[in-house]
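Structure file entry_5.txt (compact mmCIF, C-alpha atoms and all ligand atoms) is printed below.
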# COMPACT_ATOMS: atom_id res chain seq x y z
CA MET C 212 39.46 32.79 -15.78
CA ASN C 213 38.29 31.29 -19.02
CA ILE C 214 35.98 32.10 -21.90
CA THR C 215 34.34 30.07 -24.63
CA ILE C 216 34.33 31.47 -28.15
CA GLY C 217 31.78 30.22 -30.66
CA HIS C 218 32.87 30.61 -34.27
CA LEU C 219 29.73 30.24 -36.36
CA TYR C 220 30.08 28.45 -39.67
CA PRO C 221 33.75 29.20 -40.40
CA ASP C 222 33.59 26.82 -43.37
CA LEU C 223 30.99 29.08 -45.05
CA LEU C 224 31.78 32.52 -43.66
CA ASN C 225 35.48 33.19 -43.92
CA LEU C 226 36.14 35.94 -46.42
CA TYR C 227 39.36 37.95 -46.51
CA GLY C 228 40.87 36.20 -43.51
CA ASP C 229 38.12 36.81 -40.96
CA ARG C 230 39.53 33.80 -39.10
CA GLY C 231 42.49 36.00 -38.13
CA ASN C 232 40.15 37.60 -35.64
CA ILE C 233 39.93 34.32 -33.76
CA GLN C 234 43.72 33.99 -33.69
CA CYS C 235 43.98 37.48 -32.26
CA LEU C 236 41.38 36.78 -29.55
CA LEU C 237 43.11 33.52 -28.62
CA LYS C 238 46.56 35.07 -28.36
CA ARG C 239 45.54 38.14 -26.42
CA CYS C 240 43.69 35.94 -23.92
CA LEU C 241 46.54 33.43 -23.68
CA TRP C 242 49.17 36.14 -23.08
CA ARG C 243 47.14 37.19 -20.03
CA GLY C 244 46.51 33.74 -18.68
CA VAL C 245 42.85 33.72 -19.73
CA LYS C 246 42.01 30.23 -20.96
CA VAL C 247 39.97 29.96 -24.15
CA GLU C 248 37.89 27.15 -25.48
CA LEU C 249 37.11 27.54 -29.18
CA LYS C 250 34.00 25.87 -30.58
CA GLU C 251 33.56 25.85 -34.33
CA PHE C 252 30.03 25.18 -35.55
CA ASP C 253 28.89 23.92 -38.91
CA LEU C 254 25.34 23.67 -40.21
CA SER C 255 24.76 20.25 -38.63
CA ASP C 256 25.74 21.36 -35.11
CA HIS C 257 23.42 22.43 -32.32
CA ILE C 258 24.45 25.82 -30.93
CA ASP C 259 23.99 26.18 -27.20
CA PHE C 260 24.29 29.95 -26.84
CA ALA C 261 24.17 29.68 -23.06
CA SER C 262 27.58 27.98 -23.13
CA LEU C 263 29.21 30.80 -25.13
CA ASP C 264 30.86 34.01 -23.99
CA LEU C 265 31.80 35.45 -27.37
CA VAL C 266 30.35 34.73 -30.81
CA LEU C 267 32.05 35.46 -34.12
CA LEU C 268 30.03 35.57 -37.29
CA GLY C 269 32.08 36.32 -40.40
CA GLY C 270 31.34 37.45 -43.91
CA GLY C 271 30.59 35.27 -46.89
CA ALA C 272 29.53 35.22 -50.52
CA GLU C 273 25.82 35.65 -51.30
CA GLY C 274 24.94 31.94 -51.48
CA GLU C 275 26.68 31.06 -48.22
CA GLN C 276 25.23 34.11 -46.54
CA GLN C 277 21.70 32.99 -47.43
CA GLN C 278 22.38 29.43 -46.31
CA VAL C 279 23.64 30.58 -42.91
CA CYS C 280 20.85 33.11 -42.52
CA ARG C 281 18.20 30.44 -43.15
CA GLN C 282 19.86 28.21 -40.56
CA LEU C 283 20.11 30.94 -37.91
CA TYR C 284 16.55 32.05 -38.58
CA GLY C 285 15.37 28.83 -36.93
CA ILE C 286 17.25 29.66 -33.72
CA ARG C 287 16.92 33.42 -33.78
CA GLN C 288 15.07 33.47 -30.45
CA GLU C 289 18.01 31.72 -28.73
CA PHE C 290 20.37 34.18 -30.42
CA ARG C 291 18.18 37.09 -29.27
CA ASP C 292 18.17 35.78 -25.69
CA TYR C 293 21.97 35.58 -25.77
CA ILE C 294 22.23 39.18 -27.00
CA ASP C 295 19.64 40.44 -24.48
CA ASP C 296 21.73 38.74 -21.80
CA GLN C 297 24.69 40.95 -22.89
CA GLY C 298 26.32 38.13 -24.85
CA VAL C 299 29.28 39.41 -26.85
CA VAL C 300 29.06 39.20 -30.65
CA LEU C 301 31.36 40.32 -33.44
CA ALA C 302 29.46 40.20 -36.74
CA LEU C 303 31.35 41.03 -39.91
CA CYS C 304 30.05 42.14 -43.28
CA GLY C 305 27.60 39.43 -44.41
CA GLY C 306 27.22 38.41 -40.75
CA TYR C 307 26.52 42.03 -39.85
CA GLN C 308 23.86 42.34 -42.57
CA MET C 309 22.14 39.22 -41.21
CA MET C 310 21.59 40.87 -37.82
CA GLY C 311 19.13 43.26 -39.44
CA HIS C 312 15.60 42.94 -40.77
CA TYR C 313 16.44 42.11 -44.37
CA TYR C 314 18.94 42.23 -47.20
CA ASP C 315 17.49 43.29 -50.55
CA THR C 316 19.31 42.28 -53.70
CA GLY C 317 18.43 42.25 -57.40
CA ASN C 318 17.31 38.66 -56.79
CA GLY C 319 14.83 39.50 -54.06
CA ARG C 320 14.73 39.89 -50.31
CA THR C 321 16.56 37.67 -47.84
CA PRO C 322 14.92 38.01 -44.43
CA GLY C 323 17.46 38.78 -41.72
CA LEU C 324 17.36 37.67 -38.11
CA GLY C 325 15.81 40.97 -36.98
CA LEU C 326 18.07 41.14 -33.94
CA ILE C 327 19.08 44.75 -34.53
CA ASP C 328 16.91 47.47 -36.03
CA LEU C 329 18.74 47.93 -39.33
CA TYR C 330 18.37 46.88 -42.96
CA THR C 331 20.52 46.51 -46.05
CA GLU C 332 19.97 47.15 -49.75
CA GLU C 333 22.35 46.02 -52.43
CA ARG C 334 23.71 48.51 -54.97
CA ALA C 335 25.54 47.79 -58.21
CA GLN C 336 28.57 49.83 -57.19
CA ARG C 337 30.55 48.00 -54.50
CA SER C 338 32.21 49.88 -51.66
CA ILE C 339 35.81 48.73 -51.71
CA GLY C 340 38.86 50.18 -50.04
CA ASN C 341 40.66 51.23 -46.90
CA VAL C 342 38.69 52.59 -43.99
CA VAL C 343 39.58 54.72 -41.00
CA LEU C 344 37.05 55.41 -38.27
CA GLU C 345 36.82 57.41 -35.12
CA SER C 346 34.85 55.42 -32.60
CA PRO C 347 33.19 56.09 -29.27
CA LEU C 348 34.87 52.91 -27.98
CA HIS C 349 38.44 54.19 -27.88
CA SER C 350 40.58 57.22 -28.63
CA MET C 351 42.73 55.18 -31.01
CA PRO C 352 41.23 55.21 -34.53
CA ILE C 353 39.94 51.99 -36.07
CA VAL C 354 41.58 50.95 -39.32
CA GLY C 355 40.42 48.32 -41.77
CA PHE C 356 39.28 47.35 -45.23
CA GLU C 357 35.78 47.13 -46.70
CA ASN C 358 34.37 45.25 -49.68
CA HIS C 359 30.58 45.11 -49.90
CA GLY C 360 27.72 45.75 -52.27
CA GLY C 361 25.18 46.24 -49.50
CA ARG C 362 24.25 49.64 -48.08
CA THR C 363 23.18 49.39 -44.49
CA TYR C 364 20.90 51.83 -42.67
CA ILE C 365 21.05 51.72 -38.87
CA GLY C 366 18.42 54.32 -37.96
CA ASP C 367 18.92 55.62 -34.43
CA ASN C 368 21.37 52.91 -33.42
CA GLN C 369 24.85 53.86 -32.35
CA PRO C 370 27.44 53.38 -35.11
CA PHE C 371 30.66 51.47 -34.52
CA GLY C 372 32.41 54.57 -35.81
CA ARG C 373 32.31 57.72 -37.91
CA VAL C 374 33.99 57.43 -41.27
CA LEU C 375 37.17 59.47 -41.68
CA CYS C 376 38.15 57.54 -44.79
CA GLY C 377 36.05 55.06 -46.78
CA LYS C 378 32.35 54.51 -47.39
CA GLY C 379 31.09 52.74 -44.27
CA ASN C 380 27.48 51.67 -43.88
CA ASN C 381 26.04 53.40 -46.92
CA GLY C 382 28.38 56.14 -48.17
CA GLU C 383 25.75 58.75 -47.24
CA ASP C 384 25.44 59.30 -43.52
CA GLY C 385 29.08 58.98 -42.40
CA THR C 386 28.39 56.00 -40.16
CA GLU C 387 30.14 52.64 -40.11
CA GLY C 388 28.85 49.51 -38.43
CA VAL C 389 26.73 49.37 -35.32
CA ILE C 390 27.09 48.93 -31.59
CA TYR C 391 24.06 47.32 -29.98
CA LYS C 392 24.32 46.03 -26.42
CA ASN C 393 27.48 43.88 -26.55
CA VAL C 394 27.24 43.35 -30.30
CA ILE C 395 29.59 44.98 -32.76
CA GLY C 396 28.51 44.77 -36.39
CA THR C 397 30.92 46.12 -39.00
CA TYR C 398 31.90 45.94 -42.65
CA LEU C 399 35.58 45.88 -41.76
CA HIS C 400 37.35 42.79 -42.90
CA GLY C 401 40.94 42.52 -43.01
CA PRO C 402 40.96 41.02 -40.38
CA LEU C 403 39.72 43.63 -37.97
CA LEU C 404 41.15 42.64 -34.60
CA PRO C 405 44.90 42.20 -35.27
CA LYS C 406 44.88 45.70 -36.74
CA ASN C 407 42.85 47.04 -33.84
CA PRO C 408 43.95 45.40 -30.59
CA HIS C 409 41.93 47.96 -28.62
CA ILE C 410 38.75 46.51 -30.15
CA CYS C 411 39.92 42.96 -29.47
CA ASP C 412 40.44 43.88 -25.80
CA TYR C 413 37.05 45.59 -25.66
CA LEU C 414 35.39 42.32 -26.70
CA ILE C 415 37.44 40.20 -24.28
CA ALA C 416 36.78 42.62 -21.42
CA ASN C 417 33.04 42.58 -22.10
CA ALA C 418 33.00 38.79 -22.16
CA LEU C 419 34.90 38.57 -18.85
CA GLU C 420 32.82 41.31 -17.26
CA ARG C 421 29.61 39.50 -18.16
CA LYS C 422 30.90 36.19 -16.86
CA TYR C 423 32.81 37.23 -13.74
CA GLY C 424 31.44 40.68 -12.98
CA HIS C 425 34.87 42.25 -13.41
CA ALA C 426 37.64 42.35 -15.98
CA HIS C 427 41.12 43.64 -15.52
CA LEU C 428 43.13 43.15 -18.69
CA GLN C 429 46.78 43.68 -18.08
CA PRO C 430 48.31 45.86 -20.81
CA LEU C 431 50.27 44.14 -23.57
CA ASP C 432 53.13 45.47 -25.64
CA ASP C 433 51.20 46.86 -28.62
CA GLN C 434 53.93 49.16 -29.94
CA ARG C 435 53.95 47.58 -33.38
CA GLU C 436 50.16 47.62 -33.70
CA ILE C 437 50.02 51.23 -32.54
CA ALA C 438 52.74 52.22 -35.04
CA ALA C 439 50.85 50.45 -37.85
CA ASN C 440 47.63 52.16 -36.81
CA LYS C 441 49.33 55.58 -36.81
CA TYR C 442 50.87 54.90 -40.19
CA LEU C 443 47.51 53.99 -41.72
CA TYR C 444 45.83 56.99 -40.13
CA GLN C 445 48.51 59.31 -41.54
CA ARG C 446 48.34 57.70 -44.95
CA PHE C 447 44.57 57.80 -45.40
CA VAL C 448 43.44 60.71 -43.23
CA GLY C 449 46.61 62.80 -42.92
N1 LIG A 501 27.15 40.00 -49.73
C1 LIG A 501 27.40 41.12 -48.94
C2 LIG A 501 27.74 42.38 -49.72
O1 LIG A 501 28.53 42.38 -50.65
C3 LIG A 501 28.46 40.81 -47.92
C4 LIG A 501 29.69 40.26 -48.52
C5 LIG A 501 30.77 40.12 -47.54
O2 LIG A 501 30.60 39.51 -46.49
N2 LIG A 501 31.91 40.66 -47.91
O3 LIG A 501 27.21 43.38 -49.41

Would you mind writing the file out in structure tokens?
Ligand code: GLN
Amino acid sequence: MNITIGHLYPDLLNLYGDRGNIQCLLKRCLWRGVKVELKEFDLSDHIDFASLDLVLLGGGAEGEQQQVCRQLYGIRQEFRDYIDDQGVVLALCGGYQMMGHYYDTGNGRTPGLGLIDLYTEERAQRSIGNVVLESPLHSMPIVGFENHGGRTYIGDNQPFGRVLCGKGNNGEDGTEGVIYKNVIGTYLHGPLLPKNPHICDYLIANALERKYGHAHLQPLDDQREIAANKYLYQRFVG
């Protein structure tokens, strides 16, 4: 079995070590004998979504975020087709905001890709700190770190998790991130996947399932990750 991961614009969107998510995906596939081809795209590359099984879109500073968003706007229909076809996406922070209708800042409105029914408004006070979530995806809590000025409103969409510690989407409704089809959008940097191997496996399993119609991921020794997760849960939630 093999999967192809598309890392979109890693030169522009790579805040707080988002690239660590790729390393985690690669290793957890490799340890199970799943071959991975990694394609890194920059602004001059054509993206053939049909050749991808998993897409990672990281977070970036405002200028880079706008640059990438303008670029993706031109191919949003291809991106939409990929998502409608159950393509797997992990979109982080700025990348997550782009999936929505728009991102309003003091400098005006940046149109988003409109792929998920959500929107974001910037506030002066940034949301910064550790986050713990309970998620419908797994009984193990999700732990991470957030740093964003945007407040995201996801309407009736399913959140990635409920905030047990931290601010999440907007600091008001207790939600964090979004799950839409096989897309996970989240503010958690950190990077997310090494701290949350259960989420890494969820993405890999979805990619394999879509491609081969079945996915059996043999368990790995995650004792250290589970211990770290428990420690963080105890520390921030108690
Ligand atoms: N510019 C966005 C915000 O601060 C996202 C930044 C990021 O990706 N960390 O809300």

ask   = Given the choices C:Thr321, C:Ser262, C:Asn381, C:Ser350, which gets closest to Arg334 (chain C) if the distance is worked out from only C-alpha atoms?
value =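 Checking each of C:Thr321, C:Ser262, C:Asn381, C:Ser350 against Arg334 (chain C), counting only C-alpha atoms, the winner is C:Asn381.
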
Would you pick out the contacts of Asn341 (chain C) at 10 Å or less, using only C-alpha atoms, so that residues sharing its chain but fewer than 2 positions from it are not included, and give the list as an mmCIF file with C-alpha atoms, keeping the file's coordinate frame?
data_model
loop_
_atom_site.group_PDB
_atom_site.id
_atom_site.type_symbol
_atom_site.label_atom_id
_atom_site.label_comp_id
_atom_site.auth_asym_id
_atom_site.auth_seq_id
_atom_site.Cartn_x
_atom_site.Cartn_y
_atom_site.Cartn_z
ATOM 1 C CA SER C 338 32.210 49.880 -51.660
ATOM 2 C CA ILE C 339 35.810 48.730 -51.710
ATOM 3 C CA VAL C 343 39.580 54.720 -41.000
ATOM 4 C CA VAL C 354 41.580 50.950 -39.320
ATOM 5 C CA GLY C 355 40.420 48.320 -41.770
ATOM 6 C CA PHE C 356 39.280 47.350 -45.230
ATOM 7 C CA GLU C 357 35.780 47.130 -46.700
ATOM 8 C CA ASN C 358 34.370 45.250 -49.680
ATOM 9 C CA CYS C 376 38.150 57.540 -44.790
ATOM 10 C CA GLY C 377 36.050 55.060 -46.780
ATOM 11 C CA LYS C 378 32.350 54.510 -47.390
ATOM 12 C CA LEU C 399 35.580 45.880 -41.760
ATOM 13 C CA HIS C 400 37.350 42.790 -42.900
ATOM 14 C CA GLY C 401 40.940 42.520 -43.010
ATOM 15 C CA LEU C 443 47.510 53.990 -41.720
ATOM 16 C CA PHE C 447 44.570 57.800 -45.400
#

Using only C-alpha atoms and all ligand atoms, determine which residues fall within 7 Å of ligand LIG 501 (chain A), then list them as a PDB file with C-alpha atoms, in the coordinates of the input.
ATOM      1  CA  LEU C 226      36.140  35.940 -46.420  1.00  0.00           C
ATOM      2  CA  GLY C 270      31.340  37.450 -43.910  1.00  0.00           C
ATOM      3  CA  GLY C 271      30.590  35.270 -46.890  1.00  0.00           C
ATOM      4  CA  ALA C 272      29.530  35.220 -50.520  1.00  0.00           C
ATOM      5  CA  GLU C 273      25.820  35.650 -51.300  1.00  0.00           C
ATOM      6  CA  GLN C 276      25.230  34.110 -46.540  1.00  0.00           C
ATOM      7  CA  LEU C 303      31.350  41.030 -39.910  1.00  0.00           C
ATOM      8  CA  CYS C 304      30.050  42.140 -43.280  1.00  0.00           C
ATOM      9  CA  GLY C 305      27.600  39.430 -44.410  1.00  0.00           C
ATOM     10  CA  GLY C 306      27.220  38.410 -40.750  1.00  0.00           C
ATOM     11  CA  GLU C 333      22.350  46.020 -52.430  1.00  0.00           C
ATOM     12  CA  ASN C 358      34.370  45.250 -49.680  1.00  0.00           C
ATOM     13  CA  HIS C 359      30.580  45.110 -49.900  1.00  0.00           C
ATOM     14  CA  GLY C 360      27.720  45.750 -52.270  1.00  0.00           C
ATOM     15  CA  GLY C 361      25.180  46.240 -49.500  1.00  0.00           C
TER      16      GLY C 361
END

If you take every atom of region 241-245 of chain C that the file lists and fit an axis-aligned box around them with 8 Å extra on each side, what centre and edge lengths come out in Å to one decimal, as JSON?
{"center_x": 46.0, "center_y": 35.3, "center_z": -21.2, "size_x": 22.3, "size_y": 19.8, "size_z": 21.0}

request  = Compile the contact shell of region 230-237 of chain C as a PyMOL selection string: residues with an atom at most 12 Å away, counting only C-alpha atoms, same-chain residues fewer than 5 positions apart removed.
outcome  = chain C and resi 213-225+242-251+265-271+301-303+399-416+418+436

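Across the structure, CA of Asp253 (chain C) and CA of Ile286 (chain C) are spaced 14.0 Å apart.
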
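Proximity ranking of C:Leu329, C:Val389, C:Leu348, C:Val342 relative to Tyr364 (chain C) places C:Leu329 first, based on only C-alpha atoms.
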
inquiry  = Please compute the CA of Asp295 (chain C)-CA of Arg421 (chain C) distance, one decimal, in Å.
reply    = 11.8 Å

query = Pick from C:Asn380, C:Tyr442, C:Gly366, C:Leu254: nearest to Gln278 (chain C), with all atoms listed in the file counted?
reply =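 When distances to Gln278 (chain C) are compared using all atoms listed in the file, the smallest one comes from C:Leu254.
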
task = Can you pull out every residue within 6 Å of Tyr313 (chain C), counting all atoms listed in the file, but drop anything in the same chain fewer than 6 positions away, and send it as a PyMOL selection string?
result = chain C and resi 321-323+330

query = CA of Gln336 (chain C) to CA of Tyr398 (chain C): how many Å, to one decimal?
reply =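 CA of Gln336 (chain C) sits 15.4 Å away from CA of Tyr398 (chain C).
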
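Remark: for Val374 (chain C), the closest of the candidate residues C:Val394, C:Leu326, C:Leu263, C:Ile353 is C:Ile353 (distances computed over all atoms listed in the file).
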
Can you list, as a CSV table (one decimal) with C-alpha atoms, in the coordinates of the input, every protein, DNA or RNA residue that comes within 8 Å of region 281-283 of chain C when you count all atoms listed in the file, leaving out same-chain residues fewer than 4 positions away?
chain,number,residue,atom,x,y,z
C,254,LEU,CA,25.3,23.7,-40.2
C,277,GLN,CA,21.7,33.0,-47.4
C,287,ARG,CA,16.9,33.4,-33.8
C,324,LEU,CA,17.4,37.7,-38.1
